[in-house]
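*Asks:* File entry-v2.txt follows (compact mmCIF, C-alpha atoms and all ligand atoms):
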# COMPACT_ATOMS: atom_id res chain seq x y z
CA MET A 1239 0.00 0.00 0.00
CA PRO A 1240 1.29 3.49 -0.73
CA GLU A 1241 2.85 5.08 2.35
CA LEU A 1242 4.07 8.56 3.26
CA PRO A 1243 6.68 8.88 0.45
CA GLU A 1244 4.25 7.70 -2.24
CA VAL A 1245 1.32 9.85 -1.10
CA GLU A 1246 3.62 12.86 -0.60
CA THR A 1247 4.94 12.39 -4.15
CA ILE A 1248 1.35 12.44 -5.42
CA ARG A 1249 0.65 15.52 -3.31
CA LEU A 1250 3.67 17.38 -4.72
CA GLY A 1251 2.53 16.52 -8.24
CA LEU A 1252 -1.03 17.69 -7.67
CA GLN A 1253 0.30 20.84 -6.00
CA LYS A 1254 2.44 21.56 -9.05
CA TYR A 1255 -0.17 20.87 -11.69
CA ILE A 1256 -3.63 21.69 -10.34
CA VAL A 1257 -3.32 24.57 -7.85
CA GLY A 1258 -4.84 27.67 -9.42
CA LYS A 1259 -7.01 25.67 -11.82
CA THR A 1260 -10.79 25.63 -11.85
CA ILE A 1261 -12.90 22.47 -11.82
CA LYS A 1262 -15.20 22.63 -14.84
CA ASP A 1263 -16.86 19.25 -14.51
CA VAL A 1264 -16.68 15.97 -12.61
CA GLU A 1265 -17.58 12.68 -14.22
CA VAL A 1266 -18.24 9.87 -11.74
CA ARG A 1267 -18.09 6.53 -13.53
CA LEU A 1268 -18.16 4.33 -10.43
CA LYS A 1269 -20.49 5.70 -7.79
CA LYS A 1270 -19.14 3.79 -4.79
CA ILE A 1271 -15.78 5.60 -4.98
CA VAL A 1272 -17.27 9.06 -4.43
CA SER A 1273 -19.35 10.43 -1.60
CA GLY A 1274 -20.72 13.96 -1.29
CA ASP A 1275 -22.12 16.01 -4.16
CA PRO A 1276 -19.77 16.69 -7.11
CA LYS A 1277 -21.92 19.75 -7.94
CA ASP A 1278 -20.49 21.42 -4.82
CA ILE A 1279 -17.05 21.65 -6.40
CA ILE A 1280 -17.88 22.62 -9.97
CA GLY A 1281 -16.69 26.16 -10.68
CA ALA A 1282 -14.36 26.19 -7.67
CA LYS A 1283 -10.64 26.85 -7.92
CA VAL A 1284 -7.99 24.62 -6.31
CA VAL A 1285 -6.04 26.59 -3.68
CA ASP A 1286 -3.96 23.96 -1.90
CA VAL A 1287 -3.18 20.24 -1.71
CA ARG A 1288 -2.43 18.84 1.73
CA ARG A 1289 -1.52 15.42 3.07
CA PHE A 1290 -2.33 13.89 6.44
CA GLY A 1291 -0.70 10.48 6.90
CA LYS A 1292 -1.70 8.58 3.78
CA GLY A 1293 -4.71 10.84 3.17
CA LEU A 1294 -4.92 13.67 0.60
CA VAL A 1295 -6.93 16.88 0.87
CA ILE A 1296 -7.50 19.15 -2.13
CA ASP A 1297 -8.76 22.52 -0.86
CA LEU A 1298 -10.98 24.69 -3.02
CA ASP A 1299 -11.74 28.41 -2.86
CA ASN A 1300 -15.45 27.90 -2.13
CA GLY A 1301 -15.17 26.29 1.32
CA TYR A 1302 -15.16 22.73 0.01
CA SER A 1303 -12.40 20.13 -0.07
CA ILE A 1304 -11.91 16.89 -1.93
CA THR A 1305 -10.47 14.28 0.43
CA SER A 1306 -9.10 10.96 -0.70
CA HIS A 1307 -7.35 7.78 0.36
CA ILE A 1308 -5.96 5.78 -2.55
CA LYS A 1309 -5.65 2.60 -0.43
CA LEU A 1310 -3.97 -0.25 -2.35
CA THR A 1311 -4.20 0.66 -6.00
CA GLY A 1312 -5.60 4.18 -6.46
CA GLN A 1313 -3.90 6.54 -8.92
CA PHE A 1314 -4.29 10.24 -9.62
CA VAL A 1315 -3.00 10.92 -13.12
CA TYR A 1316 -2.84 14.44 -14.54
CA ARG A 1317 -2.84 15.18 -18.26
CA ASP A 1318 -2.80 18.37 -20.26
CA SER A 1319 -1.40 19.44 -23.62
CA LYS A 1320 2.12 19.73 -22.13
CA THR A 1321 2.19 16.51 -20.07
CA ALA A 1322 0.41 14.39 -22.70
CA LYS A 1323 3.75 13.68 -24.37
CA PHE A 1324 5.19 12.03 -21.23
CA LYS A 1325 5.12 8.26 -21.41
CA ILE A 1326 2.83 6.63 -18.88
CA SER A 1327 3.71 3.43 -17.01
CA PRO A 1328 2.01 0.14 -17.96
CA LYS A 1329 0.76 0.29 -14.35
CA VAL A 1330 -1.69 2.94 -15.59
CA GLY A 1331 -2.64 1.06 -18.77
CA LYS A 1332 -2.06 1.50 -22.47
CA GLU A 1333 -4.24 4.57 -22.58
CA ILE A 1334 -6.12 6.83 -20.25
CA PRO A 1335 -9.01 6.92 -19.48
CA ASN A 1336 -9.47 3.15 -19.39
CA LYS A 1337 -11.73 0.63 -17.66
CA PHE A 1338 -10.09 1.36 -14.30
CA THR A 1339 -10.77 5.10 -14.56
CA HIS A 1340 -13.59 5.73 -12.11
CA VAL A 1341 -13.62 9.51 -11.69
CA ILE A 1342 -12.60 12.28 -14.11
CA PHE A 1343 -12.03 15.86 -12.94
CA LYS A 1344 -12.08 18.24 -15.88
CA LEU A 1345 -10.15 21.43 -15.17
CA ASP A 1346 -10.02 24.64 -17.17
CA ASN A 1347 -6.68 23.43 -18.47
CA GLY A 1348 -6.02 19.75 -17.90
CA ILE A 1349 -7.72 16.64 -16.59
CA VAL A 1350 -7.21 14.55 -13.44
CA TYR A 1351 -8.10 10.87 -13.76
CA TYR A 1352 -8.71 8.72 -10.70
CA ASN A 1353 -7.95 5.08 -11.52
CA ASP A 1354 -8.31 2.20 -9.11
CA VAL A 1355 -7.98 -1.46 -10.10
CA ARG A 1356 -9.04 -2.90 -6.74
CA GLN A 1357 -11.57 -0.12 -5.98
CA PHE A 1358 -10.73 0.15 -2.26
CA GLY A 1359 -9.87 3.84 -2.48
CA TRP A 1360 -12.30 6.66 -1.76
CA ILE A 1361 -12.96 10.28 -2.66
CA LYS A 1362 -15.14 12.45 -0.43
CA ILE A 1363 -16.43 15.93 -1.15
CA ILE A 1364 -16.86 17.76 2.14
CA GLN A 1365 -16.97 21.24 3.59
CA SER A 1366 -13.36 22.12 4.43
CA SER A 1367 -14.33 23.04 7.99
CA LYS A 1368 -15.58 19.48 8.56
CA LEU A 1369 -12.29 17.75 7.76
CA LYS A 1370 -11.71 16.68 11.35
CA ASP A 1371 -15.22 15.24 11.57
CA GLN A 1372 -14.15 12.52 9.17
CA SER A 1373 -13.03 9.50 11.13
CA PHE A 1374 -9.97 8.89 8.95
CA PHE A 1375 -8.51 12.35 9.63
CA ASN A 1376 -9.76 12.52 13.17
CA GLU A 1377 -8.15 9.26 14.26
CA LEU A 1378 -4.74 9.79 12.69
CA GLY A 1379 -1.82 9.66 15.08
CA PRO A 1380 1.09 12.13 15.03
CA GLU A 1381 3.24 12.08 11.93
CA PHE A 1382 6.93 11.70 11.14
CA PHE A 1383 8.52 15.00 9.97
CA LYS A 1384 5.56 16.86 11.55
CA ASP A 1385 4.36 16.44 15.12
CA LEU A 1386 5.83 13.05 15.97
CA THR A 1387 8.85 14.15 17.98
CA PHE A 1388 11.40 11.67 19.29
CA ASP A 1389 10.04 12.05 22.83
CA LYS A 1390 6.53 11.22 21.70
CA PHE A 1391 7.81 8.26 19.69
CA LEU A 1392 9.77 6.98 22.69
CA GLU A 1393 6.75 7.29 24.95
CA THR A 1394 4.45 5.48 22.47
CA ILE A 1395 6.88 2.60 22.06
CA SER A 1396 7.76 2.14 25.70
CA ARG A 1397 4.07 2.00 26.66
CA ALA A 1398 2.92 -0.29 23.86
CA LYS A 1399 1.97 -3.93 24.04
CA GLY A 1400 3.01 -6.50 21.47
CA PRO A 1401 5.72 -6.65 18.84
CA ILE A 1402 7.37 -3.53 17.45
CA LYS A 1403 6.61 -3.86 13.75
CA PRO A 1404 2.78 -3.76 13.75
CA LEU A 1405 3.02 -0.78 16.12
CA LEU A 1406 5.02 1.24 13.58
CA MET A 1407 2.23 0.64 11.06
CA ASP A 1408 -0.65 1.52 13.39
CA GLN A 1409 -1.88 4.79 11.83
CA LYS A 1410 -3.77 5.72 14.99
CA LYS A 1411 -0.54 5.67 17.00
CA MET A 1412 1.80 7.14 14.38
CA SER A 1413 0.97 7.95 10.78
CA GLY A 1414 2.74 7.53 7.47
CA VAL A 1415 4.67 4.26 7.79
CA GLY A 1416 3.35 1.07 6.20
CA ASN A 1417 4.81 -2.33 5.49
CA ILE A 1418 7.66 -1.38 3.15
CA TYR A 1419 9.23 1.33 5.29
CA ALA A 1420 8.56 -0.50 8.60
CA ASN A 1421 10.50 -3.54 7.34
CA ASP A 1422 13.37 -1.47 5.98
CA ALA A 1423 13.64 0.81 9.02
CA LEU A 1424 13.81 -2.15 11.43
CA PHE A 1425 16.62 -3.63 9.33
CA ASP A 1426 18.49 -0.32 9.32
CA ALA A 1427 18.11 -0.08 13.12
CA LYS A 1428 19.14 -3.77 13.51
CA ILE A 1429 15.97 -4.63 15.46
CA ASP A 1430 14.13 -7.93 15.06
CA PRO A 1431 10.55 -7.07 13.97
CA ARG A 1432 9.12 -9.66 16.40
CA ARG A 1433 10.60 -8.08 19.51
CA SER A 1434 8.27 -6.79 22.16
CA ALA A 1435 8.13 -2.99 21.80
CA LYS A 1436 8.38 -2.55 25.56
CA GLN A 1437 11.71 -4.36 25.76
CA ILE A 1438 13.52 -2.21 23.26
CA SER A 1439 16.09 0.07 24.89
CA ASP A 1440 15.92 3.87 24.63
CA GLU A 1441 19.13 3.82 22.64
CA GLU A 1442 17.64 1.37 20.13
CA ILE A 1443 14.45 3.43 19.91
CA LYS A 1444 16.58 6.44 18.99
CA LYS A 1445 18.23 4.38 16.24
CA LEU A 1446 14.83 3.23 15.04
CA TYR A 1447 13.40 6.77 14.95
CA ASN A 1448 16.36 7.94 12.87
CA ALA A 1449 16.13 4.85 10.65
CA ILE A 1450 12.46 5.58 9.92
CA LEU A 1451 13.25 9.18 8.96
CA LYS A 1452 16.11 7.93 6.81
CA VAL A 1453 14.09 5.34 4.83
CA LEU A 1454 11.15 7.73 4.40
CA LYS A 1455 13.53 10.38 3.04
CA LYS A 1456 15.10 7.85 0.69
CA GLY A 1457 11.59 6.86 -0.45
CA LEU A 1458 10.75 10.50 -1.12
CA GLU A 1459 13.99 11.10 -3.02
CA GLN A 1460 13.16 8.10 -5.19
CA GLY A 1461 9.61 9.32 -5.85
CA GLY A 1462 8.12 6.40 -3.90
CA ALA A 1463 8.10 2.64 -4.43
CA SER A 1464 6.15 1.22 -7.35
CA GLU A 1465 4.91 -2.09 -6.17
CA LEU A 1466 1.27 -2.83 -7.01
CA ASN A 1467 -0.10 0.12 -8.99
CA TYR A 1468 1.60 3.15 -7.51
CA VAL A 1469 2.51 5.90 -9.97
CA ASN A 1470 3.03 9.65 -9.60
CA VAL A 1471 0.62 12.19 -11.15
CA LEU A 1472 2.41 11.97 -14.48
CA GLY A 1473 1.70 8.24 -14.50
CA GLN A 1474 5.36 7.39 -13.90
CA GLU A 1475 6.80 4.82 -11.49
CA GLY A 1476 8.96 5.61 -8.48
CA GLY A 1477 12.38 4.08 -7.85
CA TYR A 1478 12.51 3.00 -4.20
CA GLN A 1479 11.68 -0.63 -5.15
CA ASN A 1480 15.24 -0.79 -6.52
CA HIS A 1481 16.61 0.15 -3.08
CA PHE A 1482 14.61 -2.11 -0.77
CA LEU A 1483 16.80 -3.13 2.17
CA VAL A 1484 14.84 -6.25 3.12
CA TYR A 1485 11.25 -5.68 1.95
CA GLY A 1486 10.27 -8.12 -0.82
CA ARG A 1487 13.76 -9.73 -0.76
CA GLU A 1488 12.96 -13.20 0.63
CA LYS A 1489 15.91 -15.62 0.14
CA GLU A 1490 18.03 -12.86 -1.39
CA PRO A 1491 21.34 -12.11 0.38
CA CYS A 1492 21.33 -9.54 3.18
CA ARG A 1493 22.91 -6.30 1.93
CA VAL A 1494 25.24 -6.32 4.96
CA CYS A 1495 26.15 -9.95 5.79
CA LYS A 1496 24.84 -12.00 2.81
CA THR A 1497 22.60 -14.21 5.00
CA PRO A 1498 19.41 -15.03 3.07
CA ILE A 1499 16.55 -12.71 4.06
CA GLN A 1500 13.73 -14.52 5.86
CA LYS A 1501 10.04 -13.92 5.38
CA ILE A 1502 7.43 -14.56 8.05
CA LYS A 1503 3.90 -13.34 8.75
CA LEU A 1504 3.57 -10.92 11.63
CA GLY A 1505 0.26 -9.26 12.43
CA GLY A 1506 -0.99 -10.70 9.13
CA ARG A 1507 1.63 -8.89 7.06
CA GLY A 1508 4.65 -10.17 5.17
CA THR A 1509 7.67 -9.42 7.32
CA TYR A 1510 11.24 -9.54 6.04
CA PHE A 1511 14.40 -9.56 8.12
CA CYS A 1512 17.99 -10.75 8.44
CA SER A 1513 18.29 -13.19 11.35
CA LYS A 1514 21.97 -12.35 11.76
CA CYS A 1515 21.87 -8.54 11.60
CA GLN A 1516 18.60 -7.95 13.46
CA LYS A 1517 18.45 -8.84 17.17
ZN ZN A 1601 22.48 -9.48 7.61
If you took the structure in this file and wrote it as structure tokens, what would it be?
*Replies:*
Amino acid sequence: MPELPEVETIRLGLQKYIVGKTIKDVEVRLKKIVSGDPKDIIGAKVVDVRRFGKGLVIDLDNGYSITSHIKLTGQFVYRDSKTAKFKISPKVGKEIPNKFTHVIFKLDNGIVYYNDVRQFGWIKIIQSSKLKDQSFFNELGPEFFKDLTFDKFLETISRAKGPIKPLLMDQKKMSGVGNIYANDALFDAKIDPRRSAKQISDEEIKKLYNAILKVLKKGLEQGGASELNYVNVLGQEGGYQNHFLVYGREKEPCRVCKTPIQKIKLGGRGTYFCSKCQK
């Protein structure tokens, strides 16, 4: 699932291409993706694009916002006369729109397509002032690079029950990290993902905090990781999948000691680690 670096890459793209543009029309091809009334946003101009955890918020100048979570396979792809010449990834499809295009936002100059193969994503049209009434935004925990300070992180981990890895991915406790970056950060910090959070020393928690910031930054620099259907707003893939430390590398040699990477299930999610480097 897209995580902070992927959703932030989409946000930066939307910010670059759609701020200042007016929504001329909205075509909803698959009703279940959209809630709220598309008529409320027609004629409004985009003033900002914000991100909260893995959620996106497109603010308009008429007091409404478009909120969205792309979940597993959602894509926002922007096209106009200038960007139409850029090659799109096969992850988008041969052409756009296609059968996975469920919502089309027509702007005064350009079009935003929302594609979603698995259809788990959502788009909600709400009054901007009611953002925090939405359970997704209301329940989000503090976020790396924003309000999740080291002290808060330390406190959350030392009070938690259960193994460390699922805790890092619990969006209500801390937001932005999912399976890819949790696996890679634990490897970088040399911590076994199965260890009880409570038993991790303060010094190790410091290493882990820095490791999370480091892998998220690397993910951002690479424009995200394109596993599943993730693409940026130009329909292009990211590059972090070429730099995975342990994620998705079962049986491949550890990048530090060459021991084959192990894969187990932890909290229902594929968990990758080096049994020699991570203790
Ligand atoms: Zn190793």
*Asks:* In Å to one decimal, how far is CA of Leu1298 (chain A) from CA of Pro1240 (chain A)?
*Replies:*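 Between CA of Pro1240 (chain A) and CA of Leu1298 (chain A) the gap works out to 24.6 Å.
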*Asks:* For Lys1444 (chain A), which residue out of A:Val1330, A:Leu1405, A:Leu1294, A:Ile1395 is the nearest one, using all atoms listed in the file?
*Replies:*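 Residue with the minimum atom-to-atom distance to Lys1444 (chain A): A:Ile1395.
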*Asks:* What residues of the protein or nucleic acid chains come within 9 Å of ligand ZN 1601 (chain A) when you use all atoms listed in the file? Reply as a ChimeraX atom specification.
*Replies:* /A:1425,1428,1491-1499,1511-1516
*Asks:* List the neighbours of Phe1388 (chain A) out to 10 Å using all atoms listed in the file; skip same-chain residues closer than 2 positions along the sequence, and give me the result as a PyMOL selection string.
*Replies:* chain A and resi 1382+1385-1386+1390-1394+1443-1444+1447-1448
*Asks:* Which value, in Å to one decimal, gives the distance between CA of Asp1299 (chain A) and CA of Lys1269 (chain A)?
*Replies:* 24.8 Å
*Asks:* Lys1337 (chain A): which residues within 12 Å, counting only C-alpha atoms, same-chain residues fewer than 4 positions away excluded, as a PDB file with C-alpha atoms, in the coordinates of the input?
*Replies:*
ATOM      1  CA  ARG A1267     -18.090   6.530 -13.530  1.00  0.00           C
ATOM      2  CA  LEU A1268     -18.160   4.330 -10.430  1.00  0.00           C
ATOM      3  CA  VAL A1330      -1.690   2.940 -15.590  1.00  0.00           C
ATOM      4  CA  GLY A1331      -2.640   1.060 -18.770  1.00  0.00           C
ATOM      5  CA  LYS A1332      -2.060   1.500 -22.470  1.00  0.00           C
ATOM      6  CA  GLU A1333      -4.240   4.570 -22.580  1.00  0.00           C
ATOM      7  CA  VAL A1341     -13.620   9.510 -11.690  1.00  0.00           C
ATOM      8  CA  TYR A1351      -8.100  10.870 -13.760  1.00  0.00           C
ATOM      9  CA  TYR A1352      -8.710   8.720 -10.700  1.00  0.00           C
ATOM     10  CA  ASN A1353      -7.950   5.080 -11.520  1.00  0.00           C
ATOM     11  CA  ASP A1354      -8.310   2.200  -9.110  1.00  0.00           C
ATOM     12  CA  VAL A1355      -7.980  -1.460 -10.100  1.00  0.00           C
ATOM     13  CA  ARG A1356      -9.040  -2.900  -6.740  1.00  0.00           C
ATOM     14  CA  GLN A1357     -11.570  -0.120  -5.980  1.00  0.00           C
TER      15      GLN A1357
END
*Asks:* Closest to Ile1364 (chain A) among A:Ser1413, A:Thr1509, A:Asn1300, A:Gln1479, using all atoms listed in the file?
*Replies:*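 Going through A:Ser1413, A:Thr1509, A:Asn1300, A:Gln1479 one by one, the smallest distance to Ile1364 (chain A) is for A:Asn1300.
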*Asks:* Counting all atoms listed in the file, which of A:Lys1309, A:Arg1433, A:Lys1262, A:Lys1277 gets nearest to Ile1361 (chain A)?
*Replies:* A:Lys1309
*Asks:* Can you tell me, as a VMD selection string, which residues sit within 8 Å of (0.6, 10.3, 1.8) in the file's frame, using only C-alpha atoms?
*Replies:* chain A and resid 1240 to 1249 1289 to 1294 1414
*Asks:* Within 12 Å of Asp1278 (chain A), counting all atoms listed in the file, which residues show up once you throw out same-chain ones fewer than 2 positions away? Write them as a list of chain:residue names, please.
*Replies:* A:Ile1261, A:Lys1262, A:Asp1263, A:Val1264, A:Ser1273, A:Gly1274, A:Asp1275, A:Pro1276, A:Ile1280, A:Gly1281, A:Ala1282, A:Lys1283, A:Leu1298, A:Asp1299, A:Asn1300, A:Gly1301, A:Tyr1302, A:Ser1303, A:Ile1304, A:Lys1362, A:Ile1363, A:Ile1364, A:Gln1365, A:Ser1366
*Asks:* Those same residues, written as a short mmCIF file (atom, residue, chain, number, x, y, z; two decimals), in the frame of the given file with C-alpha atoms?
*Replies:*
data_model
loop_
_atom_site.label_atom_id
_atom_site.label_comp_id
_atom_site.auth_asym_id
_atom_site.auth_seq_id
_atom_site.Cartn_x
_atom_site.Cartn_y
_atom_site.Cartn_z
CA ILE A 1261 -12.90 22.47 -11.82
CA LYS A 1262 -15.20 22.63 -14.84
CA ASP A 1263 -16.86 19.25 -14.51
CA VAL A 1264 -16.68 15.97 -12.61
CA SER A 1273 -19.35 10.43 -1.60
CA GLY A 1274 -20.72 13.96 -1.29
CA ASP A 1275 -22.12 16.01 -4.16
CA PRO A 1276 -19.77 16.69 -7.11
CA ILE A 1280 -17.88 22.62 -9.97
CA GLY A 1281 -16.69 26.16 -10.68
CA ALA A 1282 -14.36 26.19 -7.67
CA LYS A 1283 -10.64 26.85 -7.92
CA LEU A 1298 -10.98 24.69 -3.02
CA ASP A 1299 -11.74 28.41 -2.86
CA ASN A 1300 -15.45 27.90 -2.13
CA GLY A 1301 -15.17 26.29 1.32
CA TYR A 1302 -15.16 22.73 0.01
CA SER A 1303 -12.40 20.13 -0.07
CA ILE A 1304 -11.91 16.89 -1.93
CA LYS A 1362 -15.14 12.45 -0.43
CA ILE A 1363 -16.43 15.93 -1.15
CA ILE A 1364 -16.86 17.76 2.14
CA GLN A 1365 -16.97 21.24 3.59
CA SER A 1366 -13.36 22.12 4.43
#
*Asks:* Which residues of region 1313-1340 of chain A come within 7 Å of region 1469-1472 of chain A, and what is each one's closest atom pair and distance in Å (one decimal), counting only C-alpha atoms, sorted by chain and residue number, as a Markdown table?
*Replies:*
| residue | atom | partner | partner_atom | distance |
| --- | --- | --- | --- | --- |
| A:Gln1313 | CA | A:Val1469 | CA | 6.5 |
| A:Phe1314 | CA | A:Val1471 | CA | 5.5 |
| A:Val1315 | CA | A:Val1471 | CA | 4.3 |
| A:Tyr1316 | CA | A:Val1471 | CA | 5.3 |
| A:Ile1326 | CA | A:Leu1472 | CA | 6.9 |
*Asks:* Residues proximal to (17.1, 6.9, 5.5) were defined as those with any atom within 12 Å of that point in the file's coordinates, counting only C-alpha atoms. Which are they, as a PyMOL selection string?
*Replies:* chain A and resi 1243+1419-1420+1422-1427+1445-1460+1478+1481-1483
*Asks:* Restricting the calculation to only C-alpha atoms: of A:Glu1265, A:Glu1475, A:Lys1254, A:Tyr1468, which residue gets closest to Val1285 (chain A)?
*Replies:*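 Of A:Glu1265, A:Glu1475, A:Lys1254, A:Tyr1468, the one nearest Val1285 (chain A) is A:Lys1254, counting only C-alpha atoms.
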*Asks:* May I have the residues within 9 Å of Lys1325 (chain A) as number ranges by chain, using only C-alpha atoms and disregarding those fewer than 4 positions away in the same chain?
*Replies:* A: 1321, 1472-1474
*Asks:* Have a look at CA of Glu1441 (chain A) and CA of Ser1396 (chain A) and let me know their distance in Å, one decimal.
*Replies:*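 We find that CA of Glu1441 (chain A) and CA of Ser1396 (chain A) lie 11.9 Å from each other.
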*Asks:* Using all atoms listed in the file, which residue out of A:Gly1508, A:Gly1461, A:Gly1359, A:Pro1401 lies closest to Ile1429 (chain A)?
*Replies:*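 Of A:Gly1508, A:Gly1461, A:Gly1359, A:Pro1401, the one nearest Ile1429 (chain A) is A:Pro1401, counting all atoms listed in the file.
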